[in-house]
Amino acid sequence: MTTDSSVVPETRAPEAPRRAMTGPAAGAARGAFERARESGARVMRGSAAVVAPVMRAVASTVGPVVKVVTPMGWLVLVLAVIALALSVIFGWQEFTFLGTVLLAAMLVSTAFLFGRASYGVVVELNPRRVVVGDRALGRMVVTNTGTKALPPTRMELPVGKGVAEFQLPAMKPKAEHEELFAVPTAKRAVIVAGPAESVRGDQIGLLRRALTWADAVDLFVHPRTVRLIPSAAGLVRDLEGQISNKITNNDIAFHALRPYVPGDDRRYVHWRTSARIGQLMVRQFQETRRSQLTIVHTSRSDLYASEAEFELALSVTASIAAQVIRDGTQMNVVSDEGVWRTQTVTSMLDASCRIEPSTNEFGSVRAFVRERTRRLPAPSVVMMVAGSRMSTADFRSVQALFGQDTSQVAFHVVEGAEPTISAVAGLTVVTIGDLKDLSKLVRGLGG
């Protein structure tokens, strides 16, 4: 007889919940951790204080040695190491020979690096400032300033993005050698000539040791400009000031009479009218402001159809700014790069040489103008120069940044377009397609 038996599952007593370490033990653990961390930080700082001078000393010693190896030299060294490694692994004599020859070539090349030189080098540009397309010549005069004769060597002179190479002959003490060179001026730019370097090295180009002898010299290639009529090209008509709609108690443009109030300057009491009506009356004036011109030149590349259009717009800006400076009118010129130097015509043209097409850094034309002009004096005339891809809406958005008393002119540069002058909701829009039309257009604005 069998009996059924049921299996009773084993039951465990519930585990006691783990408790976080509290009390004095936890405080001691945290203190030990903080002490260990501080100790580790001190060790790291001490190690850095010891290692850093050693690394600098190694770099100052090894750096000049590594610097003389050219990319071709590094390639030869790598091939030599690979060839010798293959010869050891596989026992190939051909690779042993190849690695030995390559290392011997590097060893022989070091002989060309030794020797002292004592040169005095002067680099001159004549003239230092030219207009696009004009001829610019340079002169490099090399003098042996030492007491011993110098062997023939090669002198390199970076000019812009290129490098001019000159082979100097053997030179006796105090001997001079002159080299002439032409500087390309087909494009507006700041061309840096120099620094001049004497070069020692092997004929293959594995090792190269260069010594600098002269500082760099800048050549400013100015944009083309045209001469405009005086008085800010007809755009700023009153050099003594422009009358605004703001009423003031002290100025030169009479507006009206009003009753006297305590505190008014008695010099402005109109005595004849006061005697006639039996009440003190004082003069009111319209505020006059000295002409303050702001020229805004946007250099965003996406607003111009071509590089030629960009250069035309820059020539327009430079032509107007040059005439304003000659007239003595207060002026600021701003572009995406910042505020130009406008103390003289030359400094303004030098600043224009550094303007390059830029990206949309500010998000919108309005944001760009607001940011670049917010620290400038309030203008009485604003002129904006932009390319063919600048829309009328963008011009209008800039117009809204200035008050109604501010005269505003937009120069819409469209290469090859017919010159026109139009008005859009109080904004004068000048379309110009050729620099020679600028003088005629500004005469039309002044009329």
# chains A, B, ... in the order shown; residues from 1 in each chain; ligands from 1
$ residues_around --residues "A:Val385" --least-positions-apart "3" --cutoff "7 Å" --atoms "only C-alpha atoms" --output "PyMOL selection string"
chain A and resi 296-298+313+317+410-412
$ select_by_dssp --residues "stretch 29-277 of chain A" --states "helix (DSSP H, G or I)" --output "MDAnalysis selection string"
chainID A and resid 29:67 71:90 93:113 230:233 266:268 271:277
$ select_by_dssp --residues "stretch 164-405 of chain A" --states "strand (DSSP E)" --output "JSON, numbers by chain"
{"A": [164, 165, 166, 167, 168, 176, 177, 178, 179, 180, 181, 182, 183, 189, 190, 191, 192, 193, 197, 198, 199, 200, 201, 208, 209, 210, 211, 212, 217, 218, 219, 220, 221, 222, 242, 243, 244, 245, 246, 247, 248, 253, 254, 255, 256, 257, 258, 259, 281, 282, 283, 284, 285, 286, 287, 288, 289, 292, 293, 294, 295, 296, 297, 330, 331, 332, 333, 334, 335, 338, 339, 381, 382, 383, 384, 385, 386]}
$ residues_around --residues "A:Ile432" --least-positions-apart "5" --cutoff "10 Å" --atoms "only C-alpha atoms" --output "number ranges by chain"
A: 312-313, 316, 387-388, 411-421, 437-438, 441
$ write_last_selection --atoms "all heavy atoms" --output "compact mmCIF listing (two decimals), in the first residue's frame"
# COMPACT_ATOMS: atom_id res chain seq x y z
N LEU A 312 34.59 94.22 -56.85
CA LEU A 312 33.93 95.45 -57.27
C LEU A 312 33.27 96.14 -56.08
O LEU A 312 33.37 97.37 -55.91
CB LEU A 312 32.90 95.15 -58.36
CG LEU A 312 32.02 96.32 -58.80
CD1 LEU A 312 32.87 97.46 -59.35
CD2 LEU A 312 31.01 95.85 -59.86
N ALA A 313 32.60 95.37 -55.23
CA ALA A 313 31.97 95.95 -54.04
C ALA A 313 33.01 96.57 -53.12
O ALA A 313 32.80 97.65 -52.56
CB ALA A 313 31.17 94.88 -53.30
N VAL A 316 34.05 99.87 -54.50
CA VAL A 316 33.03 100.89 -54.26
C VAL A 316 33.17 101.44 -52.84
O VAL A 316 33.17 102.65 -52.61
CB VAL A 316 31.63 100.30 -54.49
CG1 VAL A 316 30.55 101.26 -53.99
CG2 VAL A 316 31.41 100.00 -55.97
N GLY A 387 26.46 92.55 -52.39
CA GLY A 387 26.45 91.97 -53.71
C GLY A 387 25.07 91.73 -54.28
O GLY A 387 24.04 92.07 -53.67
N SER A 388 25.04 91.09 -55.44
CA SER A 388 23.79 90.89 -56.17
C SER A 388 22.82 89.96 -55.45
O SER A 388 21.62 90.00 -55.69
CB SER A 388 24.08 90.34 -57.57
OG SER A 388 24.79 89.10 -57.48
N PHE A 411 24.03 100.41 -51.69
CA PHE A 411 24.72 100.18 -52.95
C PHE A 411 24.61 98.69 -53.29
O PHE A 411 25.25 97.85 -52.64
CB PHE A 411 26.19 100.62 -52.85
CG PHE A 411 26.36 102.10 -52.86
CD1 PHE A 411 26.30 102.82 -51.69
CD2 PHE A 411 26.59 102.78 -54.05
CE1 PHE A 411 26.46 104.20 -51.69
CE2 PHE A 411 26.75 104.16 -54.07
CZ PHE A 411 26.68 104.87 -52.88
N HIS A 412 23.80 98.40 -54.28
CA HIS A 412 23.57 97.03 -54.72
C HIS A 412 24.51 96.74 -55.89
O HIS A 412 24.29 97.22 -57.00
CB HIS A 412 22.11 96.86 -55.13
CG HIS A 412 21.67 95.44 -55.19
ND1 HIS A 412 20.62 95.01 -55.96
CD2 HIS A 412 22.14 94.33 -54.56
CE1 HIS A 412 20.46 93.71 -55.81
NE2 HIS A 412 21.38 93.27 -54.97
N VAL A 413 25.57 95.99 -55.62
CA VAL A 413 26.61 95.74 -56.61
C VAL A 413 26.23 94.50 -57.42
O VAL A 413 26.18 93.39 -56.89
CB VAL A 413 27.98 95.54 -55.94
CG1 VAL A 413 29.05 95.27 -56.98
CG2 VAL A 413 28.33 96.77 -55.11
N VAL A 414 25.94 94.72 -58.70
CA VAL A 414 25.57 93.63 -59.62
C VAL A 414 26.48 93.76 -60.83
O VAL A 414 26.32 94.68 -61.64
CB VAL A 414 24.09 93.72 -60.04
CG1 VAL A 414 23.73 92.52 -60.92
CG2 VAL A 414 23.19 93.78 -58.81
N GLU A 415 27.46 92.89 -60.94
CA GLU A 415 28.45 93.00 -62.00
C GLU A 415 27.79 93.02 -63.38
O GLU A 415 26.99 92.15 -63.73
CB GLU A 415 29.44 91.84 -61.93
CG GLU A 415 30.62 91.98 -62.86
CD GLU A 415 31.57 90.81 -62.79
OE1 GLU A 415 31.19 89.78 -62.18
OE2 GLU A 415 32.67 90.91 -63.35
N GLY A 416 28.12 94.07 -64.16
CA GLY A 416 27.60 94.20 -65.51
C GLY A 416 26.24 94.84 -65.62
O GLY A 416 25.74 95.04 -66.73
N ALA A 417 25.62 95.20 -64.48
CA ALA A 417 24.27 95.78 -64.52
C ALA A 417 24.31 97.25 -64.93
O ALA A 417 25.33 97.94 -64.79
CB ALA A 417 23.60 95.65 -63.16
N GLU A 418 23.18 97.74 -65.45
CA GLU A 418 23.05 99.16 -65.81
C GLU A 418 22.93 100.00 -64.53
O GLU A 418 22.25 99.61 -63.59
CB GLU A 418 21.82 99.38 -66.68
CG GLU A 418 21.95 98.78 -68.07
CD GLU A 418 23.04 99.45 -68.89
OE1 GLU A 418 23.23 100.68 -68.72
OE2 GLU A 418 23.73 98.75 -69.66
N PRO A 419 23.61 101.14 -64.47
CA PRO A 419 23.54 101.97 -63.27
C PRO A 419 22.17 102.62 -63.11
O PRO A 419 21.65 103.26 -64.03
CB PRO A 419 24.63 103.02 -63.51
CG PRO A 419 24.79 103.09 -65.00
CD PRO A 419 24.50 101.71 -65.51
N THR A 420 21.56 102.46 -61.95
CA THR A 420 20.24 103.04 -61.66
C THR A 420 20.19 103.52 -60.22
O THR A 420 20.95 103.05 -59.37
CB THR A 420 19.12 102.01 -61.87
OG1 THR A 420 19.33 100.87 -61.02
CG2 THR A 420 19.05 101.55 -63.32
N ILE A 421 19.28 104.47 -59.98
CA ILE A 421 18.98 104.96 -58.63
C ILE A 421 17.48 104.87 -58.43
O ILE A 421 16.72 105.39 -59.24
CB ILE A 421 19.46 106.41 -58.42
CG1 ILE A 421 20.96 106.52 -58.64
CG2 ILE A 421 19.09 106.89 -57.02
CD1 ILE A 421 21.49 107.94 -58.53
N ASP A 437 31.10 103.85 -63.20
CA ASP A 437 29.78 104.49 -63.07
C ASP A 437 29.57 105.11 -61.70
O ASP A 437 28.58 105.83 -61.49
CB ASP A 437 28.67 103.46 -63.31
CG ASP A 437 28.70 102.89 -64.72
OD1 ASP A 437 29.09 103.63 -65.64
OD2 ASP A 437 28.34 101.71 -64.90
N LEU A 438 30.46 104.85 -60.74
CA LEU A 438 30.22 105.31 -59.37
C LEU A 438 30.18 106.83 -59.27
O LEU A 438 29.31 107.39 -58.60
CB LEU A 438 31.31 104.74 -58.45
CG LEU A 438 31.19 105.11 -56.98
CD1 LEU A 438 29.88 104.59 -56.40
CD2 LEU A 438 32.38 104.56 -56.19
N LEU A 441 26.89 108.18 -60.46
CA LEU A 441 25.78 107.83 -59.58
C LEU A 441 25.76 108.70 -58.33
O LEU A 441 24.68 109.16 -57.90
CB LEU A 441 25.88 106.36 -59.18
CG LEU A 441 25.55 105.35 -60.29
CD1 LEU A 441 25.92 103.95 -59.87
CD2 LEU A 441 24.08 105.41 -60.66
$ atom_distance --atom1 "atom CA of A:Met140" --atom2 "atom CA of A:His177"
8.3 Å
$ residues_around --residues "stretch 79-91 of chain A" --least-positions-apart "2" --cutoff "10 Å" --atoms "only C-alpha atoms" --output "JSON, numbers by chain"
{"A": [73, 74, 75, 76, 77, 93, 94, 95, 96, 97, 98, 99, 100, 101, 102, 103, 104, 106]}
$ write_last_selection --atoms "C-alpha atoms" --output "CSV table (one decimal), in the first residue's frame"
chain,number,residue,atom,x,y,z
A,73,GLY,CA,64.7,62.1,-45.1
A,74,TRP,CA,62.1,60.6,-42.9
A,75,LEU,CA,60.9,58.4,-45.7
A,76,VAL,CA,64.5,57.2,-46.3
A,77,LEU,CA,65.0,56.4,-42.6
A,93,GLN,CA,71.0,40.0,-48.4
A,94,GLU,CA,69.4,42.3,-50.9
A,95,PHE,CA,67.5,44.1,-48.1
A,96,THR,CA,70.7,44.2,-46.0
A,97,PHE,CA,72.4,46.0,-48.9
A,98,LEU,CA,69.4,48.4,-49.4
A,99,GLY,CA,69.2,49.3,-45.7
A,100,THR,CA,72.9,49.9,-45.5
A,101,VAL,CA,72.9,52.2,-48.6
A,102,LEU,CA,70.0,54.2,-47.3
A,103,LEU,CA,71.6,54.8,-43.9
A,104,ALA,CA,74.9,55.6,-45.6
A,106,MET,CA,71.7,59.8,-44.5
$ closest_residue --among "A:Asn126, A:Thr342, A:Ser364, A:Ser407" --to "A:Asp394" --atoms "only C-alpha atoms"
A:Ser364
$ closest_residue --among "A:Ala170, A:Leu228, A:Leu211, A:Ala318" --to "A:Lys436" --atoms "only C-alpha atoms"
A:Leu228
$ atom_distance --atom1 "atom CA of A:Ala105" --atom2 "atom CA of A:Arg154"
21.2 Å
$ residues_around --residues "stretch 320-334 of chain A" --least-positions-apart "4" --cutoff "6 Å" --atoms "only C-alpha atoms" --output "ChimeraX atom specification"
/A:231-232,292-296,338-340,345
